[in-house]
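Visitor: Attaching a single structure in structure tokens format; questions to follow.
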Amino acid sequence: MQKLDSNAANLGTVDTLIYNISMVTMSGDLHTDQPACAIAITNGKIAWIGDNTNEAHFPIAKVSYDGKGQLLTPGLIDCHTHLVYGGDRAAEFEQKLNGATYEEISLSGGGIVSTVSATRTLNEAELLAESEPRLESLLKEGITTVEIKSGYGLDTHNEIKMLRVARQLEEKYPVTIRTSFLGAHALPKEFKDKTEYIQYLIDEVLPAVQKEGLADAVDFFCEGIGFSRLECEKICQTAKQHKLAIKGHVEQLSNSGGASLVAEYNGLSVDHLEYLEKTDIPLLKAANVVAVLLPGAFYSLGETKMPPIDAMREHKLPMAIATDLNPGSSPIASLLNVMNLACVQFKMTPYEVLLGVTKNAAKALGMEDQIGQIKLGYDADLVLWPIKIPAQLCYGMNLVKPTMIFKAGVNVNG
Ligand SMILES: [Zn+2]
């Protein structure tokens with residue numbers, strides 16, 4: 001349990017005080033609940049955490065909120081999304097349910113190619129307008145940080161367009177956005193050769209993205225239908241040269257060796273992992289890599305092969321949970337619903353899941369020293385919920401919504 005600091009005397013006047021709350025800090029090893037406490041915020045940071053029993057010990061605040069005994073958690077973090085894209089794939093979904101084969105869908109222009117075409121057609125303002133409702137849907141659930149990938153442009157102009165839109169979302173909404181360059185997502189139709197395309201990404205697209213400072217990390221899709229381990233390694237080498245963090249879509253449909261590659265390059269996270277070999281887990285742990293599980297894709301694809309969660313637990317590999325929000329394999333703009341899927345499908349505990357969308361999700365973005373925990377000096381990204389225990393966030397769908405959402409100390413939920 002975090003030591004409660006009741007000495008507020010040297011704080012001066014703080015910006016905000018929230019009292020009469022309980023909280024889950026996610027900062028101790030046991031993530032212990034703190035009953036009857038209060039928290040103060042100043043300059044967007046958590047400045048004081050104290051006991052609720054003695055009001056005389058509260059710091060003087062410009063604004064005070066009565067939490068009415070509700071539960072405060074860190075702001076939620078969706079650490080893997082593709083939420084900037086054009087069009088949707090509903091017609092393809094229907095075709096599949098009417099019995100069309102993968103080939104028939106491909107021939108009629110479906111699949112990722114259709115999203116690339118739809119995304120390329122839109123200008124920046126149109127792409128922004130199409131992406132906004134998806135972000136809004138996440139924000140009203142108490143998400144305060146979102147990672148967004150490119151990967152539906154697949155050429156310099158369109159990849160930059162996607163990443164600029166992601167940055168514009170951060171300017172327009174109370175959210176921190178982290179961007180990942182995912183040029184190595186699929187082979188665009190104007191290329192016939194994957195090696196040539198990877199070289200184009202290395203020589204032209206990534207330097208242009210870097211010139212504008214549009215990417216916080218580099219991502220890739222290491223898979224039979226994506227790119228080989230060798231091709232992805234070239235991307236990792238280039239990321240390293242540009243001093244960009246590395247993330248990977250790995251072992252989703254087969255074991256293609258992407259997880260050990262990310263471990264070799266000390267990447268931030270390996271994402272998906274249904275086909276992860278247990279022998280890779282110690283490598284990931286040793287390289288300080290986070291396992292990002294994506295139950296929405298598992299659900300939407302009707303996958304039956306489970307990620308090796310027991311083995312990850314055994315090795316204490318940090319596990320994060322994210323929506324993978326995308327138009328094809330995870331059209332789900334709700335992290336809370338995906339948290340339920342993580343419990344129901346992957347048999348993760350509510351605490352593991354809450355850790356997966358706070359502390360461990362922050363680590364998957366390289367932001368564990370700043371967000372994802374209720375801790376002195378951390379960003380005051382906080383959510384107040386009308387619940388008593390964290391399990392109430394995960395056990396159903398659409399039963400709970402936040403009462404207050406604080407982004408950098410500002411109440412953005414009215
Ligand atoms: Zn993804």
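Ordering of the structure tokens sets the chain letters (A, B, ...); residue numbers start at 1 within each chain; ligands are numbered from 1 in the order shown.
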Ligand 1: which residues are within 8 Å, counting only C-alpha atoms and all ligand atoms, as a ChimeraX atom specification?
Guide: /A:80-82,149,249,271-272,324-326
Visitor: Give me the residues within 8 Å of range 185-189 of chain A as a list in words, counting only C-alpha atoms and dropping any in the same chain fewer than 5 places off.
Guide: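 Residues meeting the cut-off are Ile112, Val113, Gly151, Tyr152, Leu154, Lys194, Tyr197, Phe220, Phe221, Ile225, Gly226 and Phe227 of chain A.
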Visitor: Excluding same-chain residues fewer than 5 positions from Gln373 in chain A, what lies within 9 Å of it counting only C-alpha atoms, as a list of chain:residue names?
Guide: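 In the requested form, the answer reads A:Val24, A:Thr25, A:Met26, A:Ser27, A:Thr73, A:Pro74, A:Gly75, A:Thr358, A:Lys359, A:Ala362, A:Glu368, A:Tyr378, A:Asp379, A:Asp381, A:Leu382.
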Visitor: Within 10 Å of Thr176 in chain A, counting only C-alpha atoms, which residues qualify if same-chain residues fewer than 6 places away don't, as a PDB file with N, CA, C and O atoms, in the first residue's frame?
Guide:
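Final output, saved to around07.pdb:
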ATOM      1  N   ILE A  77      -5.659   3.350 -20.749  1.00  0.00           N
ATOM      2  CA  ILE A  77      -4.731   3.523 -21.875  1.00  0.00           C
ATOM      3  C   ILE A  77      -5.023   2.448 -22.912  1.00  0.00           C
ATOM      4  O   ILE A  77      -4.984   1.256 -22.590  1.00  0.00           O
ATOM      5  N   ILE A 143     -10.735   6.687 -21.330  1.00  0.00           N
ATOM      6  CA  ILE A 143      -9.401   6.471 -21.910  1.00  0.00           C
ATOM      7  C   ILE A 143      -8.740   7.841 -22.041  1.00  0.00           C
ATOM      8  O   ILE A 143      -9.342   8.784 -22.576  1.00  0.00           O
ATOM      9  N   THR A 144      -7.520   7.954 -21.527  1.00  0.00           N
ATOM     10  CA  THR A 144      -6.837   9.249 -21.555  1.00  0.00           C
ATOM     11  C   THR A 144      -5.556   9.224 -22.402  1.00  0.00           C
ATOM     12  O   THR A 144      -4.963  10.263 -22.641  1.00  0.00           O
ATOM     13  N   THR A 145      -5.136   8.023 -22.840  1.00  0.00           N
ATOM     14  CA  THR A 145      -3.990   7.898 -23.750  1.00  0.00           C
ATOM     15  C   THR A 145      -4.300   6.820 -24.785  1.00  0.00           C
ATOM     16  O   THR A 145      -4.796   5.745 -24.429  1.00  0.00           O
ATOM     17  N   VAL A 146      -4.013   7.127 -26.047  1.00  0.00           N
ATOM     18  CA  VAL A 146      -4.312   6.181 -27.130  1.00  0.00           C
ATOM     19  C   VAL A 146      -3.111   6.093 -28.068  1.00  0.00           C
ATOM     20  O   VAL A 146      -2.551   7.120 -28.460  1.00  0.00           O
ATOM     21  N   GLU A 147      -2.752   4.888 -28.426  1.00  0.00           N
ATOM     22  CA  GLU A 147      -1.732   4.692 -29.459  1.00  0.00           C
ATOM     23  C   GLU A 147      -2.447   4.507 -30.788  1.00  0.00           C
ATOM     24  O   GLU A 147      -3.488   3.827 -30.851  1.00  0.00           O
ATOM     25  N   ARG A 167      -1.924  13.067 -34.983  1.00  0.00           N
ATOM     26  CA  ARG A 167      -1.426  14.194 -34.176  1.00  0.00           C
ATOM     27  C   ARG A 167      -2.501  15.282 -34.002  1.00  0.00           C
ATOM     28  O   ARG A 167      -2.602  15.903 -32.951  1.00  0.00           O
ATOM     29  N   LEU A 169      -5.651  14.792 -33.797  1.00  0.00           N
ATOM     30  CA  LEU A 169      -6.613  14.324 -32.792  1.00  0.00           C
ATOM     31  C   LEU A 169      -6.149  14.736 -31.395  1.00  0.00           C
ATOM     32  O   LEU A 169      -6.965  15.104 -30.550  1.00  0.00           O
ATOM     33  N   GLU A 170      -4.849  14.686 -31.185  1.00  0.00           N
ATOM     34  CA  GLU A 170      -4.315  15.068 -29.873  1.00  0.00           C
ATOM     35  C   GLU A 170      -4.525  16.558 -29.602  1.00  0.00           C
ATOM     36  O   GLU A 170      -4.774  16.968 -28.474  1.00  0.00           O
ATOM     37  N   ASP A 381      -4.039  11.955 -14.795  1.00  0.00           N
ATOM     38  CA  ASP A 381      -5.027  11.334 -15.691  1.00  0.00           C
ATOM     39  C   ASP A 381      -5.772  10.332 -14.823  1.00  0.00           C
ATOM     40  O   ASP A 381      -5.223   9.283 -14.464  1.00  0.00           O
ATOM     41  N   LYS A 407      -8.142  14.796 -17.265  1.00  0.00           N
ATOM     42  CA  LYS A 407      -6.984  14.698 -18.156  1.00  0.00           C
ATOM     43  C   LYS A 407      -6.009  15.782 -17.751  1.00  0.00           C
ATOM     44  O   LYS A 407      -6.361  16.979 -17.790  1.00  0.00           O
ATOM     45  N   ALA A 408      -4.813  15.370 -17.345  1.00  0.00           N
ATOM     46  CA  ALA A 408      -3.816  16.307 -16.815  1.00  0.00           C
ATOM     47  C   ALA A 408      -4.452  17.258 -15.801  1.00  0.00           C
ATOM     48  O   ALA A 408      -4.230  18.466 -15.807  1.00  0.00           O
TER      49      ALA A 408
END
Visitor: Looking only at strand (DSSP E) from DSSP on the backbone, list the matching residues of range 11-69 of chain A as number ranges by chain.
Guide: A: 14-24, 33-42, 45-51, 61-69
Visitor: Fewer than 4 positions away in the same chain doesn't count, so skip those; otherwise give me all residues within 8 Å of Asn337 in chain A, counting only C-alpha atoms, as a PyMOL selection string.
Guide: chain A and resi 341+394+396-398
Visitor: Residues as selected, C-alpha atoms, written as an mmCIF file, in the first residue's frame, can you do that?
Guide:
data_model
loop_
_atom_site.group_PDB
_atom_site.id
_atom_site.type_symbol
_atom_site.label_atom_id
_atom_site.label_comp_id
_atom_site.auth_asym_id
_atom_site.auth_seq_id
_atom_site.Cartn_x
_atom_site.Cartn_y
_atom_site.Cartn_z
ATOM 1 C CA LEU A 341 -13.453 -10.239 -23.488
ATOM 2 C CA CYS A 394 -14.951 -5.985 -16.506
ATOM 3 C CA GLY A 396 -20.340 -7.081 -18.099
ATOM 4 C CA MET A 397 -20.713 -4.833 -21.095
ATOM 5 C CA ASN A 398 -22.057 -1.268 -21.112
#
Visitor: What parts of range 248-386 of chain A does DSSP call alpha helix (DSSP H)? I'd like the answer as a short mmCIF file (atom, residue, chain, number, x, y, z; two decimals) with all heavy atoms, in the first residue's frame.
Guide:
data_model
loop_
_atom_site.label_atom_id
_atom_site.label_comp_id
_atom_site.auth_asym_id
_atom_site.auth_seq_id
_atom_site.Cartn_x
_atom_site.Cartn_y
_atom_site.Cartn_z
N GLY A 258 8.64 -13.41 -34.93
CA GLY A 258 8.65 -11.96 -34.67
C GLY A 258 8.91 -11.61 -33.22
O GLY A 258 9.54 -10.59 -32.92
N ALA A 259 8.46 -12.46 -32.29
CA ALA A 259 8.61 -12.13 -30.86
C ALA A 259 10.09 -12.12 -30.48
O ALA A 259 10.57 -11.18 -29.83
CB ALA A 259 7.84 -13.13 -30.00
N SER A 260 10.83 -13.14 -30.91
CA SER A 260 12.26 -13.18 -30.54
C SER A 260 13.01 -12.03 -31.22
O SER A 260 13.98 -11.50 -30.68
CB SER A 260 12.88 -14.53 -30.89
OG SER A 260 12.75 -14.78 -32.27
N LEU A 261 12.52 -11.61 -32.40
CA LEU A 261 13.14 -10.46 -33.09
C LEU A 261 12.98 -9.18 -32.25
O LEU A 261 13.95 -8.45 -32.03
CB LEU A 261 12.49 -10.28 -34.47
CG LEU A 261 12.94 -9.06 -35.28
CD1 LEU A 261 14.41 -9.17 -35.66
CD2 LEU A 261 12.09 -8.90 -36.54
N VAL A 262 11.76 -8.95 -31.77
CA VAL A 262 11.53 -7.76 -30.92
C VAL A 262 12.38 -7.83 -29.65
O VAL A 262 12.94 -6.82 -29.21
CB VAL A 262 10.02 -7.60 -30.58
CG1 VAL A 262 9.80 -6.46 -29.59
CG2 VAL A 262 9.20 -7.35 -31.85
N ALA A 263 12.51 -9.04 -29.09
CA ALA A 263 13.36 -9.20 -27.90
C ALA A 263 14.81 -8.86 -28.24
O ALA A 263 15.47 -8.13 -27.49
CB ALA A 263 13.25 -10.62 -27.36
N GLU A 264 15.30 -9.33 -29.38
CA GLU A 264 16.69 -9.04 -29.78
C GLU A 264 16.94 -7.54 -29.89
O GLU A 264 18.03 -7.07 -29.60
CB GLU A 264 16.99 -9.66 -31.16
CG GLU A 264 17.51 -11.08 -31.11
CD GLU A 264 17.58 -11.71 -32.49
OE1 GLU A 264 17.98 -11.01 -33.45
OE2 GLU A 264 17.20 -12.89 -32.60
N ILE A 281 9.19 -16.73 -24.13
CA ILE A 281 8.76 -15.89 -23.01
C ILE A 281 9.93 -15.41 -22.15
O ILE A 281 10.01 -14.20 -21.85
CB ILE A 281 7.65 -16.59 -22.19
CG1 ILE A 281 6.41 -16.74 -23.09
CG2 ILE A 281 7.31 -15.81 -20.92
CD1 ILE A 281 5.27 -17.54 -22.49
N PRO A 282 10.87 -16.29 -21.77
CA PRO A 282 12.03 -15.78 -21.00
C PRO A 282 12.83 -14.73 -21.77
O PRO A 282 13.36 -13.79 -21.16
CB PRO A 282 12.88 -17.03 -20.75
CG PRO A 282 11.97 -18.19 -20.97
CD PRO A 282 10.91 -17.75 -21.94
N LEU A 283 12.90 -14.85 -23.09
CA LEU A 283 13.62 -13.85 -23.90
C LEU A 283 12.93 -12.50 -23.79
O LEU A 283 13.57 -11.45 -23.65
CB LEU A 283 13.67 -14.26 -25.38
CG LEU A 283 14.27 -15.61 -25.75
CD1 LEU A 283 14.17 -15.86 -27.25
CD2 LEU A 283 15.73 -15.65 -25.30
N LEU A 284 11.60 -12.51 -23.88
CA LEU A 284 10.82 -11.27 -23.79
C LEU A 284 11.00 -10.63 -22.42
O LEU A 284 11.19 -9.42 -22.29
CB LEU A 284 9.34 -11.54 -24.07
CG LEU A 284 9.02 -12.00 -25.50
CD1 LEU A 284 7.58 -12.49 -25.59
CD2 LEU A 284 9.25 -10.87 -26.51
N LYS A 285 10.93 -11.49 -21.40
CA LYS A 285 11.08 -10.99 -20.02
C LYS A 285 12.45 -10.35 -19.84
O LYS A 285 12.57 -9.24 -19.30
CB LYS A 285 10.87 -12.17 -19.05
CG LYS A 285 11.08 -11.84 -17.60
CD LYS A 285 9.96 -10.97 -17.04
CE LYS A 285 10.26 -10.58 -15.60
NZ LYS A 285 9.32 -9.59 -15.10
N ALA A 286 13.48 -11.05 -20.31
CA ALA A 286 14.84 -10.54 -20.14
C ALA A 286 15.05 -9.22 -20.89
O ALA A 286 15.82 -8.37 -20.46
CB ALA A 286 15.85 -11.58 -20.63
N PRO A 295 -7.83 -9.22 -27.34
CA PRO A 295 -8.97 -10.15 -27.34
C PRO A 295 -10.04 -9.81 -28.37
O PRO A 295 -10.81 -10.69 -28.77
CB PRO A 295 -9.55 -10.01 -25.93
CG PRO A 295 -8.54 -9.28 -25.13
CD PRO A 295 -7.73 -8.48 -26.08
N GLY A 296 -10.08 -8.56 -28.83
CA GLY A 296 -11.08 -8.17 -29.84
C GLY A 296 -10.82 -8.84 -31.17
O GLY A 296 -11.75 -9.27 -31.86
N ALA A 297 -9.54 -8.96 -31.54
CA ALA A 297 -9.19 -9.63 -32.79
C ALA A 297 -9.41 -11.14 -32.66
O ALA A 297 -9.91 -11.79 -33.58
CB ALA A 297 -7.74 -9.33 -33.16
N PHE A 298 -9.07 -11.68 -31.51
CA PHE A 298 -9.29 -13.10 -31.21
C PHE A 298 -10.78 -13.43 -31.39
O PHE A 298 -11.17 -14.39 -32.03
CB PHE A 298 -8.84 -13.37 -29.77
CG PHE A 298 -8.97 -14.79 -29.29
CD1 PHE A 298 -7.90 -15.66 -29.37
CD2 PHE A 298 -10.15 -15.24 -28.70
CE1 PHE A 298 -8.00 -16.97 -28.90
CE2 PHE A 298 -10.28 -16.53 -28.23
CZ PHE A 298 -9.19 -17.40 -28.32
N TYR A 299 -11.62 -12.55 -30.84
CA TYR A 299 -13.07 -12.73 -30.90
C TYR A 299 -13.59 -12.57 -32.33
O TYR A 299 -14.31 -13.44 -32.83
CB TYR A 299 -13.71 -11.69 -29.97
CG TYR A 299 -15.17 -11.40 -30.21
CD1 TYR A 299 -16.15 -12.27 -29.75
CD2 TYR A 299 -15.56 -10.24 -30.89
CE1 TYR A 299 -17.50 -12.00 -29.97
CE2 TYR A 299 -16.89 -9.97 -31.11
CZ TYR A 299 -17.86 -10.85 -30.65
OH TYR A 299 -19.18 -10.57 -30.87
N SER A 300 -13.19 -11.47 -33.00
CA SER A 300 -13.76 -11.18 -34.32
C SER A 300 -13.34 -12.21 -35.36
O SER A 300 -14.09 -12.50 -36.29
CB SER A 300 -13.34 -9.79 -34.80
OG SER A 300 -13.79 -8.82 -33.89
N ILE A 309 -1.08 -17.69 -21.79
CA ILE A 309 -1.19 -16.75 -20.66
C ILE A 309 -0.63 -17.33 -19.36
O ILE A 309 0.05 -16.61 -18.61
CB ILE A 309 -2.65 -16.30 -20.52
CG1 ILE A 309 -2.97 -15.38 -21.70
CG2 ILE A 309 -2.90 -15.57 -19.20
CD1 ILE A 309 -4.38 -15.02 -21.89
N ASP A 310 -0.88 -18.62 -19.11
CA ASP A 310 -0.35 -19.21 -17.87
C ASP A 310 1.17 -19.12 -17.82
O ASP A 310 1.74 -18.77 -16.78
CB ASP A 310 -0.75 -20.70 -17.76
CG ASP A 310 -2.22 -20.84 -17.41
OD1 ASP A 310 -2.81 -19.85 -16.92
OD2 ASP A 310 -2.78 -21.93 -17.63
N ALA A 311 1.81 -19.38 -18.96
CA ALA A 311 3.28 -19.33 -19.00
C ALA A 311 3.77 -17.89 -18.83
O ALA A 311 4.79 -17.64 -18.19
CB ALA A 311 3.78 -19.92 -20.31
N MET A 312 3.04 -16.93 -19.39
CA MET A 312 3.43 -15.53 -19.22
C MET A 312 3.32 -15.13 -17.75
O MET A 312 4.17 -14.43 -17.21
CB MET A 312 2.51 -14.61 -20.03
CG MET A 312 2.70 -14.76 -21.53
SD MET A 312 1.70 -13.51 -22.37
CE MET A 312 1.38 -14.34 -23.90
N ARG A 313 2.25 -15.60 -17.12
CA ARG A 313 2.06 -15.33 -15.68
C ARG A 313 3.21 -15.91 -14.88
O ARG A 313 3.77 -15.25 -14.01
CB ARG A 313 0.78 -16.06 -15.25
CG ARG A 313 -0.29 -15.15 -14.78
CD ARG A 313 -1.48 -15.96 -14.31
NE ARG A 313 -2.70 -15.40 -14.84
CZ ARG A 313 -3.67 -16.09 -15.40
NH1 ARG A 313 -3.58 -17.39 -15.54
NH2 ARG A 313 -4.76 -15.47 -15.84
N GLU A 314 3.55 -17.16 -15.20
CA GLU A 314 4.62 -17.85 -14.50
C GLU A 314 5.93 -17.06 -14.57
O GLU A 314 6.67 -16.96 -13.60
CB GLU A 314 4.85 -19.18 -15.21
CG GLU A 314 4.97 -20.40 -14.33
CD GLU A 314 4.97 -21.63 -15.21
OE1 GLU A 314 6.06 -22.00 -15.68
OE2 GLU A 314 3.87 -22.19 -15.47
N LEU A 335 -12.85 -0.05 -25.18
CA LEU A 335 -11.85 -0.77 -24.38
C LEU A 335 -12.52 -1.53 -23.24
O LEU A 335 -12.09 -2.63 -22.89
CB LEU A 335 -10.79 0.22 -23.84
CG LEU A 335 -9.59 -0.42 -23.12
CD1 LEU A 335 -8.81 -1.38 -24.03
CD2 LEU A 335 -8.64 0.65 -22.58
N LEU A 336 -13.59 -0.97 -22.71
CA LEU A 336 -14.28 -1.66 -21.60
C LEU A 336 -14.83 -3.01 -22.07
O LEU A 336 -14.74 -4.01 -21.36
CB LEU A 336 -15.42 -0.79 -21.05
CG LEU A 336 -15.00 0.45 -20.24
CD1 LEU A 336 -16.22 1.26 -19.84
CD2 LEU A 336 -14.20 0.06 -19.00
N ASN A 337 -15.41 -3.04 -23.27
CA ASN A 337 -15.91 -4.32 -23.78
C ASN A 337 -14.77 -5.31 -24.00
O ASN A 337 -14.92 -6.51 -23.73
CB ASN A 337 -16.70 -4.12 -25.08
CG ASN A 337 -18.06 -3.48 -24.83
OD1 ASN A 337 -18.43 -3.20 -23.68
ND2 ASN A 337 -18.81 -3.22 -25.88
N VAL A 338 -13.65 -4.81 -24.48
CA VAL A 338 -12.50 -5.68 -24.71
C VAL A 338 -11.93 -6.19 -23.37
O VAL A 338 -11.44 -7.32 -23.27
CB VAL A 338 -11.44 -4.94 -25.55
CG1 VAL A 338 -10.10 -5.65 -25.54
CG2 VAL A 338 -11.94 -4.80 -27.00
N MET A 339 -12.04 -5.38 -22.32
CA MET A 339 -11.62 -5.84 -20.99
C MET A 339 -12.48 -7.01 -20.54
O MET A 339 -12.00 -7.98 -19.96
CB MET A 339 -11.73 -4.68 -19.98
CG MET A 339 -10.64 -3.63 -20.19
SD MET A 339 -11.03 -2.04 -19.39
CE MET A 339 -10.91 -2.46 -17.66
N ASN A 340 -13.77 -6.95 -20.86
CA ASN A 340 -14.64 -8.09 -20.56
C ASN A 340 -14.21 -9.32 -21.36
O ASN A 340 -14.13 -10.44 -20.83
CB ASN A 340 -16.10 -7.73 -20.87
CG ASN A 340 -17.03 -8.93 -20.75
OD1 ASN A 340 -17.33 -9.59 -21.73
ND2 ASN A 340 -17.44 -9.24 -19.53
N LEU A 341 -13.91 -9.12 -22.65
CA LEU A 341 -13.45 -10.24 -23.49
C LEU A 341 -12.18 -10.87 -22.92
O LEU A 341 -12.01 -12.09 -22.95
CB LEU A 341 -13.19 -9.77 -24.93
CG LEU A 341 -14.38 -9.30 -25.76
CD1 LEU A 341 -13.92 -8.89 -27.16
CD2 LEU A 341 -15.46 -10.36 -25.86
N ALA A 342 -11.29 -10.04 -22.39
CA ALA A 342 -10.03 -10.56 -21.82
C ALA A 342 -10.32 -11.49 -20.64
O ALA A 342 -9.68 -12.52 -20.46
CB ALA A 342 -9.12 -9.42 -21.39
N CYS A 343 -11.32 -11.12 -19.84
CA CYS A 343 -11.70 -11.97 -18.70
C CYS A 343 -12.38 -13.24 -19.19
O CYS A 343 -12.04 -14.35 -18.78
CB CYS A 343 -12.64 -11.23 -17.76
SG CYS A 343 -11.90 -9.84 -16.91
N VAL A 344 -13.35 -13.07 -20.09
CA VAL A 344 -14.19 -14.21 -20.48
C VAL A 344 -13.41 -15.18 -21.38
O VAL A 344 -13.44 -16.39 -21.17
CB VAL A 344 -15.48 -13.72 -21.18
CG1 VAL A 344 -16.28 -14.88 -21.73
CG2 VAL A 344 -16.32 -12.91 -20.20
N GLN A 345 -12.71 -14.63 -22.38
CA GLN A 345 -12.03 -15.52 -23.33
C GLN A 345 -10.67 -16.00 -22.82
O GLN A 345 -10.32 -17.14 -23.01
CB GLN A 345 -11.79 -14.78 -24.65
CG GLN A 345 -13.05 -14.34 -25.35
CD GLN A 345 -12.74 -13.67 -26.68
OE1 GLN A 345 -13.38 -13.95 -27.67
NE2 GLN A 345 -11.75 -12.79 -26.71
N PHE A 346 -9.91 -15.07 -22.25
CA PHE A 346 -8.53 -15.40 -21.86
C PHE A 346 -8.42 -15.78 -20.39
O PHE A 346 -7.33 -16.07 -19.90
CB PHE A 346 -7.59 -14.21 -22.15
CG PHE A 346 -7.38 -13.92 -23.62
CD1 PHE A 346 -6.73 -12.76 -24.03
CD2 PHE A 346 -7.81 -14.80 -24.60
CE1 PHE A 346 -6.51 -12.48 -25.37
CE2 PHE A 346 -7.60 -14.53 -25.96
CZ PHE A 346 -6.95 -13.36 -26.35
N PRO A 350 -9.82 -9.70 -13.21
CA PRO A 350 -10.08 -8.26 -13.36
C PRO A 350 -8.88 -7.40 -13.00
O PRO A 350 -8.64 -6.38 -13.64
CB PRO A 350 -11.26 -8.03 -12.41
CG PRO A 350 -11.97 -9.34 -12.39
CD PRO A 350 -10.89 -10.39 -12.47
N TYR A 351 -8.11 -7.79 -11.98
CA TYR A 351 -6.91 -7.01 -11.63
C TYR A 351 -5.87 -7.07 -12.74
O TYR A 351 -5.25 -6.05 -13.09
CB TYR A 351 -6.29 -7.49 -10.32
CG TYR A 351 -6.60 -6.59 -9.16
CD1 TYR A 351 -7.10 -7.10 -7.97
CD2 TYR A 351 -6.39 -5.21 -9.24
CE1 TYR A 351 -7.39 -6.27 -6.90
CE2 TYR A 351 -6.67 -4.38 -8.18
CZ TYR A 351 -7.18 -4.91 -7.01
OH TYR A 351 -7.47 -4.09 -5.95
N GLU A 352 -5.68 -8.26 -13.31
CA GLU A 352 -4.72 -8.38 -14.41
C GLU A 352 -5.15 -7.49 -15.58
O GLU A 352 -4.33 -6.85 -16.24
CB GLU A 352 -4.64 -9.83 -14.91
CG GLU A 352 -3.83 -10.75 -14.02
CD GLU A 352 -3.86 -12.19 -14.50
OE1 GLU A 352 -4.88 -12.65 -15.06
OE2 GLU A 352 -2.86 -12.89 -14.30
N VAL A 353 -6.45 -7.48 -15.82
CA VAL A 353 -6.97 -6.71 -16.94
C VAL A 353 -6.83 -5.20 -16.67
O VAL A 353 -6.41 -4.44 -17.55
CB VAL A 353 -8.44 -7.11 -17.24
CG1 VAL A 353 -9.08 -6.15 -18.22
CG2 VAL A 353 -8.49 -8.53 -17.77
N LEU A 354 -7.13 -4.80 -15.44
CA LEU A 354 -6.98 -3.37 -15.11
C LEU A 354 -5.50 -2.96 -15.19
O LEU A 354 -5.18 -1.88 -15.72
CB LEU A 354 -7.57 -3.08 -13.73
CG LEU A 354 -7.69 -1.59 -13.37
CD1 LEU A 354 -8.50 -0.82 -14.40
CD2 LEU A 354 -8.29 -1.40 -11.98
N LEU A 355 -4.62 -3.82 -14.72
CA LEU A 355 -3.18 -3.56 -14.88
C LEU A 355 -2.83 -3.43 -16.36
O LEU A 355 -2.00 -2.61 -16.75
CB LEU A 355 -2.37 -4.74 -14.34
CG LEU A 355 -1.70 -4.67 -13.00
CD1 LEU A 355 -0.86 -5.93 -12.78
CD2 LEU A 355 -0.83 -3.44 -12.86
N GLY A 356 -3.51 -4.26 -17.18
CA GLY A 356 -3.24 -4.31 -18.62
C GLY A 356 -3.68 -3.07 -19.37
O GLY A 356 -3.21 -2.83 -20.49
N LYS A 359 -1.02 0.42 -15.89
CA LYS A 359 0.44 0.38 -15.71
C LYS A 359 1.16 -0.35 -16.87
O LYS A 359 2.14 0.16 -17.42
CB LYS A 359 0.74 -0.33 -14.38
CG LYS A 359 2.20 -0.34 -14.00
CD LYS A 359 2.37 -1.11 -12.68
CE LYS A 359 3.83 -1.14 -12.26
NZ LYS A 359 4.00 -1.90 -11.01
N ASN A 360 0.66 -1.52 -17.24
CA ASN A 360 1.36 -2.29 -18.28
C ASN A 360 1.17 -1.69 -19.67
O ASN A 360 2.05 -1.78 -20.53
CB ASN A 360 0.92 -3.76 -18.26
CG ASN A 360 1.41 -4.48 -17.02
OD1 ASN A 360 2.26 -3.96 -16.30
ND2 ASN A 360 0.87 -5.66 -16.75
N ALA A 361 0.01 -1.07 -19.90
CA ALA A 361 -0.21 -0.39 -21.19
C ALA A 361 0.73 0.81 -21.30
O ALA A 361 1.26 1.11 -22.38
CB ALA A 361 -1.67 0.04 -21.31
N ALA A 362 0.95 1.49 -20.17
CA ALA A 362 1.90 2.62 -20.17
C ALA A 362 3.29 2.13 -20.52
O ALA A 362 4.01 2.75 -21.31
CB ALA A 362 1.90 3.29 -18.78
N LYS A 363 3.65 0.99 -19.97
CA LYS A 363 4.98 0.41 -20.24
C LYS A 363 5.10 0.02 -21.72
O LYS A 363 6.16 0.18 -22.33
CB LYS A 363 5.18 -0.81 -19.33
CG LYS A 363 6.56 -1.40 -19.35
CD LYS A 363 6.68 -2.44 -18.22
CE LYS A 363 7.92 -3.31 -18.37
NZ LYS A 363 9.19 -2.59 -18.34
N ALA A 364 4.01 -0.46 -22.30
CA ALA A 364 4.02 -0.83 -23.73
C ALA A 364 4.23 0.39 -24.62
O ALA A 364 4.54 0.25 -25.80
CB ALA A 364 2.72 -1.55 -24.10
#
Visitor: Counting only C-alpha atoms, which residue out of A:Pro318, A:Gly409, A:Gly224, A:Gly183 sits closest to Leu206 in chain A?
Guide: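 Using only C-alpha atoms, the shortest distance to Leu206 in chain A belongs to A:Gly183.
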Visitor: Just checking: using only C-alpha atoms, which residue out of A:Ala291, A:Val165, A:Leu214, A:Ala40 ends up closest to His57 in chain A?
Guide: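 Closest to His57 in chain A, using only C-alpha atoms: A:Ala40.
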Visitor: Env of Ile160 in chain A: 12 Å cut, atoms = only C-alpha atoms, seq-sep filter 2 positions within chain, self excluded. Answer as a ChimeraX atom specification.
Guide: /A:84,119-120,123-124,149-158,162-167,179-183,204-215
Visitor: Could you give me, as JSON lines, every range 357-377 of chain A residue with an atom at most 10 Å from range 49-56 of chain A, plus its closest atom pair and distance in Å to one decimal, counting only C-alpha atoms, rows ordered by chain then number?
Guide:
{"residue": "A:Ile374", "atom": "CA", "partner": "A:Ile49", "partner_atom": "CA", "distance": 8.8}
{"residue": "A:Lys375", "atom": "CA", "partner": "A:Ile49", "partner_atom": "CA", "distance": 8.0}
{"residue": "A:Leu376", "atom": "CA", "partner": "A:Ile49", "partner_atom": "CA", "distance": 7.4}
